Amino acid sequence: MQVIGICRFSYPALGGFQVEHDSQAARTAYLYAPARMEDRFRTFEGFTLPALRAQTDPDFTLVIVVGDDIPDTYGNRLWDLTQDLPQVVIRQYPPAPHREVMQRAINSVRDMDRISLQFRLDDDDAVAVDFVARLRREAAARRDQLKGQRHMALDFRDGYIAAPGPMGIAARRTDQRLMTAALAVAFEPRVRSTVMNFSHIRLPRFMTCHDIRTDADRPMYVRGHNLWNDSRQGADIAPEDLAPLDADGRALFRNRFAIDEDHIRRLFTA
């Protein structure tokens, strides 16, 4: 089975945003604003990349989609941060309809003769270090259920919402269906649809969704929470709802996500 992740890194799509802008120029200016980009790079480096480097099963591809107008400073920085990850493929596209571009990006690395396990990852989210291995194992156990169904969803529900900053990490445990970071879709061979062709919260309308529970000490994802969240605009989560990690929490973040709180502090005070 081929495992593919997709990450939209400040790509100026036509559509696909909950924060609206009056023009494409206004959207691009918002996405590439220095303060916003600095925050995105810090969370990407501190949250997203460590667990990808530490995957117990390194047989996966992560496609990072950026605009063809991304300033060189940011493009070079992204390249520098990911060049030690052979699983990363960076694709550049001009502004175009969001779902069409994401489908094109994913299918550009697909082997259409194999089952495809696809997940979406925001640039401030993280998955557990055994996510790829567990995803492949859970999909294999349900392989007969996939036959003739075109696609099915695998939803790892147990994770964290976390906010990084100069003081470290504040977080809370969550058990919620259809959170994107550890939500994957399995596709039969030669099915050209992708995980980005479906709204994650509406997946049960289109396919069977399997809730996958894990042991209490094995959460599967971290959802980053910050001022720039698009999908979480207007959410009922306030900073005071998150609590600083204690010693056990810091150890869990290191062991499960390869996220080091001291590194977070350094990134956000640099």
# chains A, B, ... in the order shown; residues from 1 in each chain; ligands from 1
call {"tool": "residues_around", "arguments": {"residues": "region 4-13 of chain A", "least_positions_apart": "4", "cutoff": "8 Å", "atoms": "only C-alpha atoms", "output": "PyMOL selection string"}}
result
chain A and resi 24+27-28+31-32+60-67+94-98+102+106+116-123
call {"tool": "write_last_selection", "arguments": {"atoms": "C-alpha atoms", "output": "compact mmCIF listing (two decimals), in the first residue's frame"}}
result
# COMPACT_ATOMS: atom_id res chain seq x y z
CA GLN A 24 -6.57 37.25 -4.95
CA ARG A 27 -5.17 36.79 -0.16
CA THR A 28 -1.59 36.48 -1.39
CA LEU A 31 -0.55 34.51 3.20
CA TYR A 32 2.96 35.89 2.64
CA PHE A 60 5.65 7.31 2.75
CA THR A 61 5.55 10.42 0.59
CA LEU A 62 4.63 13.91 1.77
CA VAL A 63 3.66 16.33 -0.99
CA ILE A 64 4.04 19.98 0.03
CA VAL A 65 2.12 22.37 -2.22
CA VAL A 66 3.30 25.98 -2.57
CA GLY A 67 2.51 28.81 -4.92
CA PRO A 94 -0.08 29.03 -9.84
CA PRO A 95 -3.32 30.07 -8.11
CA ALA A 96 -6.07 27.68 -9.20
CA PRO A 97 -9.14 25.95 -7.71
CA HIS A 98 -8.10 24.38 -4.45
CA MET A 102 -4.53 19.20 -4.47
CA ILE A 106 -1.39 13.87 -4.97
CA SER A 116 -3.43 4.41 -1.79
CA LEU A 117 -3.62 5.54 1.85
CA GLN A 118 -3.87 9.34 1.93
CA PHE A 119 -3.89 11.89 4.73
CA ARG A 120 -3.84 15.68 4.93
CA LEU A 121 -1.53 17.54 7.26
CA ASP A 122 -1.64 21.23 8.04
CA ASP A 123 1.68 22.99 8.52
call {"tool": "select_by_dssp", "arguments": {"residues": "region 27-231 of chain A", "states": "strand (DSSP E or B)", "output": "count of residues only"}}
result
57
call {"tool": "residues_around", "arguments": {"residues": "Arg134 (chain A)", "least_positions_apart": "3", "cutoff": "10 Å", "atoms": "only C-alpha atoms", "output": "count of residues only"}}
result
12
call {"tool": "closest_atom_pairs", "arguments": {"of": "region 5-87 of chain A", "to": "region 160-175 of chain A", "cutoff": "9 Å", "atoms": "only C-alpha atoms", "output": "JSON lines"}}
result
{"residue": "A:Arg42", "atom": "CA", "partner": "A:Pro164", "partner_atom": "CA", "distance": 9.0}
{"residue": "A:Thr43", "atom": "CA", "partner": "A:Pro164", "partner_atom": "CA", "distance": 7.3}
{"residue": "A:Gly46", "atom": "CA", "partner": "A:Pro164", "partner_atom": "CA", "distance": 8.5}
{"residue": "A:Phe47", "atom": "CA", "partner": "A:Pro164", "partner_atom": "CA", "distance": 8.5}
call {"tool": "closest_residue", "arguments": {"among": "A:Gln92, A:Gly224, A:Leu252, A:Ala133", "to": "Asp69 (chain A)", "atoms": "only C-alpha atoms"}}
result
A:Gln92
call {"tool": "residues_around", "arguments": {"residues": "Ala153 (chain A)", "least_positions_apart": "3", "cutoff": "10 Å", "atoms": "only C-alpha atoms", "output": "number ranges by chain"}}
result
A: 117-119, 139, 146, 156, 178, 183-187, 195, 200, 203-204, 206-211
call {"tool": "closest_residue", "arguments": {"among": "A:Arg192, A:Asp248, A:Thr214, A:Ser23", "to": "Asp111 (chain A)", "atoms": "only C-alpha atoms"}}
result
A:Arg192
call {"tool": "closest_residue", "arguments": {"among": "A:Glu188, A:Asp125, A:Asp246, A:Asp262", "to": "Val222 (chain A)", "atoms": "only C-alpha atoms"}}
result
A:Asp125
call {"tool": "decode", "arguments": {"residues": "region 90-120 of chain A", "atoms": "N, CA, C and O atoms", "output": "PDB file, in the first residue's frame"}}
result
ATOM      1  N   ILE A  90       8.156  18.670  -3.103  1.00  0.00           N
ATOM      2  CA  ILE A  90       7.573  20.013  -3.149  1.00  0.00           C
ATOM      3  C   ILE A  90       7.051  20.270  -4.549  1.00  0.00           C
ATOM      4  O   ILE A  90       7.770  20.109  -5.535  1.00  0.00           O
ATOM      5  N   ARG A  91       5.785  20.668  -4.640  1.00  0.00           N
ATOM      6  CA  ARG A  91       5.153  20.992  -5.907  1.00  0.00           C
ATOM      7  C   ARG A  91       4.725  22.458  -5.897  1.00  0.00           C
ATOM      8  O   ARG A  91       4.136  22.931  -4.927  1.00  0.00           O
ATOM      9  N   GLN A  92       5.031  23.175  -6.985  1.00  0.00           N
ATOM     10  CA  GLN A  92       4.651  24.577  -7.126  1.00  0.00           C
ATOM     11  C   GLN A  92       3.566  24.712  -8.185  1.00  0.00           C
ATOM     12  O   GLN A  92       3.687  24.139  -9.279  1.00  0.00           O
ATOM     13  N   TYR A  93       2.530  25.496  -7.863  1.00  0.00           N
ATOM     14  CA  TYR A  93       1.436  25.715  -8.798  1.00  0.00           C
ATOM     15  C   TYR A  93       1.008  27.178  -8.754  1.00  0.00           C
ATOM     16  O   TYR A  93       1.076  27.822  -7.689  1.00  0.00           O
ATOM     17  N   PRO A  94       0.534  27.703  -9.870  1.00  0.00           N
ATOM     18  CA  PRO A  94      -0.076  29.032  -9.841  1.00  0.00           C
ATOM     19  C   PRO A  94      -1.422  28.960  -9.138  1.00  0.00           C
ATOM     20  O   PRO A  94      -1.968  27.855  -8.933  1.00  0.00           O
ATOM     21  N   PRO A  95      -2.000  30.106  -8.747  1.00  0.00           N
ATOM     22  CA  PRO A  95      -3.317  30.074  -8.111  1.00  0.00           C
ATOM     23  C   PRO A  95      -4.348  29.399  -9.018  1.00  0.00           C
ATOM     24  O   PRO A  95      -4.450  29.703 -10.207  1.00  0.00           O
ATOM     25  N   ALA A  96      -5.083  28.447  -8.453  1.00  0.00           N
ATOM     26  CA  ALA A  96      -6.075  27.680  -9.201  1.00  0.00           C
ATOM     27  C   ALA A  96      -7.052  27.088  -8.196  1.00  0.00           C
ATOM     28  O   ALA A  96      -6.813  27.142  -6.981  1.00  0.00           O
ATOM     29  N   PRO A  97      -8.177  26.525  -8.651  1.00  0.00           N
ATOM     30  CA  PRO A  97      -9.141  25.947  -7.708  1.00  0.00           C
ATOM     31  C   PRO A  97      -8.497  24.936  -6.769  1.00  0.00           C
ATOM     32  O   PRO A  97      -7.771  24.039  -7.187  1.00  0.00           O
ATOM     33  N   HIS A  98      -8.790  25.103  -5.510  1.00  0.00           N
ATOM     34  CA  HIS A  98      -8.095  24.380  -4.450  1.00  0.00           C
ATOM     35  C   HIS A  98      -8.120  22.872  -4.628  1.00  0.00           C
ATOM     36  O   HIS A  98      -7.068  22.221  -4.672  1.00  0.00           O
ATOM     37  N   ARG A  99      -9.296  22.288  -4.715  1.00  0.00           N
ATOM     38  CA  ARG A  99      -9.392  20.823  -4.753  1.00  0.00           C
ATOM     39  C   ARG A  99      -8.757  20.256  -6.018  1.00  0.00           C
ATOM     40  O   ARG A  99      -8.165  19.168  -5.991  1.00  0.00           O
ATOM     41  N   GLU A 100      -8.864  20.964  -7.127  1.00  0.00           N
ATOM     42  CA  GLU A 100      -8.262  20.476  -8.370  1.00  0.00           C
ATOM     43  C   GLU A 100      -6.744  20.412  -8.260  1.00  0.00           C
ATOM     44  O   GLU A 100      -6.109  19.447  -8.701  1.00  0.00           O
ATOM     45  N   VAL A 101      -6.160  21.435  -7.651  1.00  0.00           N
ATOM     46  CA  VAL A 101      -4.699  21.468  -7.516  1.00  0.00           C
ATOM     47  C   VAL A 101      -4.225  20.384  -6.551  1.00  0.00           C
ATOM     48  O   VAL A 101      -3.234  19.684  -6.814  1.00  0.00           O
ATOM     49  N   MET A 102      -4.936  20.224  -5.434  1.00  0.00           N
ATOM     50  CA  MET A 102      -4.527  19.200  -4.471  1.00  0.00           C
ATOM     51  C   MET A 102      -4.641  17.796  -5.076  1.00  0.00           C
ATOM     52  O   MET A 102      -3.771  16.942  -4.861  1.00  0.00           O
ATOM     53  N   GLN A 103      -5.697  17.565  -5.858  1.00  0.00           N
ATOM     54  CA  GLN A 103      -5.839  16.273  -6.520  1.00  0.00           C
ATOM     55  C   GLN A 103      -4.697  16.046  -7.511  1.00  0.00           C
ATOM     56  O   GLN A 103      -4.109  14.962  -7.566  1.00  0.00           O
ATOM     57  N   ARG A 104      -4.370  17.068  -8.262  1.00  0.00           N
ATOM     58  CA  ARG A 104      -3.269  16.967  -9.224  1.00  0.00           C
ATOM     59  C   ARG A 104      -1.955  16.674  -8.515  1.00  0.00           C
ATOM     60  O   ARG A 104      -1.153  15.832  -8.965  1.00  0.00           O
ATOM     61  N   ALA A 105      -1.719  17.347  -7.381  1.00  0.00           N
ATOM     62  CA  ALA A 105      -0.465  17.156  -6.645  1.00  0.00           C
ATOM     63  C   ALA A 105      -0.358  15.735  -6.111  1.00  0.00           C
ATOM     64  O   ALA A 105       0.695  15.086  -6.226  1.00  0.00           O
ATOM     65  N   ILE A 106      -1.426  15.226  -5.518  1.00  0.00           N
ATOM     66  CA  ILE A 106      -1.387  13.868  -4.969  1.00  0.00           C
ATOM     67  C   ILE A 106      -1.210  12.845  -6.083  1.00  0.00           C
ATOM     68  O   ILE A 106      -0.375  11.935  -5.999  1.00  0.00           O
ATOM     69  N   ASN A 107      -1.983  12.998  -7.152  1.00  0.00           N
ATOM     70  CA  ASN A 107      -1.908  12.011  -8.234  1.00  0.00           C
ATOM     71  C   ASN A 107      -0.573  12.054  -8.975  1.00  0.00           C
ATOM     72  O   ASN A 107      -0.208  11.086  -9.659  1.00  0.00           O
ATOM     73  N   SER A 108       0.168  13.153  -8.823  1.00  0.00           N
ATOM     74  CA  SER A 108       1.478  13.235  -9.479  1.00  0.00           C
ATOM     75  C   SER A 108       2.486  12.268  -8.871  1.00  0.00           C
ATOM     76  O   SER A 108       3.506  11.968  -9.495  1.00  0.00           O
ATOM     77  N   VAL A 109       2.218  11.767  -7.660  1.00  0.00           N
ATOM     78  CA  VAL A 109       3.154  10.835  -7.019  1.00  0.00           C
ATOM     79  C   VAL A 109       2.525   9.459  -6.817  1.00  0.00           C
ATOM     80  O   VAL A 109       3.130   8.583  -6.208  1.00  0.00           O
ATOM     81  N   ARG A 110       1.322   9.258  -7.335  1.00  0.00           N
ATOM     82  CA  ARG A 110       0.612   7.997  -7.109  1.00  0.00           C
ATOM     83  C   ARG A 110       1.066   6.899  -8.041  1.00  0.00           C
ATOM     84  O   ARG A 110       1.399   7.129  -9.198  1.00  0.00           O
ATOM     85  N   ASP A 111       1.038   5.686  -7.512  1.00  0.00           N
ATOM     86  CA  ASP A 111       1.126   4.474  -8.305  1.00  0.00           C
ATOM     87  C   ASP A 111      -0.301   3.954  -8.404  1.00  0.00           C
ATOM     88  O   ASP A 111      -0.831   3.402  -7.435  1.00  0.00           O
ATOM     89  N   MET A 112      -0.930   4.132  -9.561  1.00  0.00           N
ATOM     90  CA  MET A 112      -2.346   3.831  -9.705  1.00  0.00           C
ATOM     91  C   MET A 112      -2.667   2.337  -9.626  1.00  0.00           C
ATOM     92  O   MET A 112      -3.835   1.960  -9.565  1.00  0.00           O
ATOM     93  N   ASP A 113      -1.661   1.510  -9.617  1.00  0.00           N
ATOM     94  CA  ASP A 113      -1.893   0.070  -9.531  1.00  0.00           C
ATOM     95  C   ASP A 113      -1.904  -0.431  -8.093  1.00  0.00           C
ATOM     96  O   ASP A 113      -2.072  -1.631  -7.859  1.00  0.00           O
ATOM     97  N   ARG A 114      -1.704   0.468  -7.153  1.00  0.00           N
ATOM     98  CA  ARG A 114      -1.657   0.079  -5.744  1.00  0.00           C
ATOM     99  C   ARG A 114      -2.771   0.760  -4.958  1.00  0.00           C
ATOM    100  O   ARG A 114      -3.262   1.822  -5.343  1.00  0.00           O
ATOM    101  N   ILE A 115      -3.148   0.148  -3.832  1.00  0.00           N
ATOM    102  CA  ILE A 115      -4.024   0.823  -2.883  1.00  0.00           C
ATOM    103  C   ILE A 115      -3.295   2.053  -2.362  1.00  0.00           C
ATOM    104  O   ILE A 115      -2.094   2.020  -2.086  1.00  0.00           O
ATOM    105  N   SER A 116      -4.016   3.149  -2.239  1.00  0.00           N
ATOM    106  CA  SER A 116      -3.425   4.412  -1.791  1.00  0.00           C
ATOM    107  C   SER A 116      -4.041   4.808  -0.453  1.00  0.00           C
ATOM    108  O   SER A 116      -5.266   4.873  -0.322  1.00  0.00           O
ATOM    109  N   LEU A 117      -3.195   5.055   0.534  1.00  0.00           N
ATOM    110  CA  LEU A 117      -3.620   5.540   1.848  1.00  0.00           C
ATOM    111  C   LEU A 117      -3.195   7.005   1.942  1.00  0.00           C
ATOM    112  O   LEU A 117      -2.009   7.301   1.927  1.00  0.00           O
ATOM    113  N   GLN A 118      -4.160   7.907   2.027  1.00  0.00           N
ATOM    114  CA  GLN A 118      -3.867   9.337   1.927  1.00  0.00           C
ATOM    115  C   GLN A 118      -4.336  10.085   3.176  1.00  0.00           C
ATOM    116  O   GLN A 118      -5.414   9.820   3.703  1.00  0.00           O
ATOM    117  N   PHE A 119      -3.512  11.047   3.603  1.00  0.00           N
ATOM    118  CA  PHE A 119      -3.888  11.894   4.731  1.00  0.00           C
ATOM    119  C   PHE A 119      -3.476  13.323   4.433  1.00  0.00           C
ATOM    120  O   PHE A 119      -2.598  13.591   3.607  1.00  0.00           O
ATOM    121  N   ARG A 120      -4.149  14.256   5.083  1.00  0.00           N
ATOM    122  CA  ARG A 120      -3.837  15.676   4.926  1.00  0.00           C
ATOM    123  C   ARG A 120      -3.238  16.186   6.229  1.00  0.00           C
ATOM    124  O   ARG A 120      -3.641  15.797   7.322  1.00  0.00           O
TER     125      ARG A 120
END
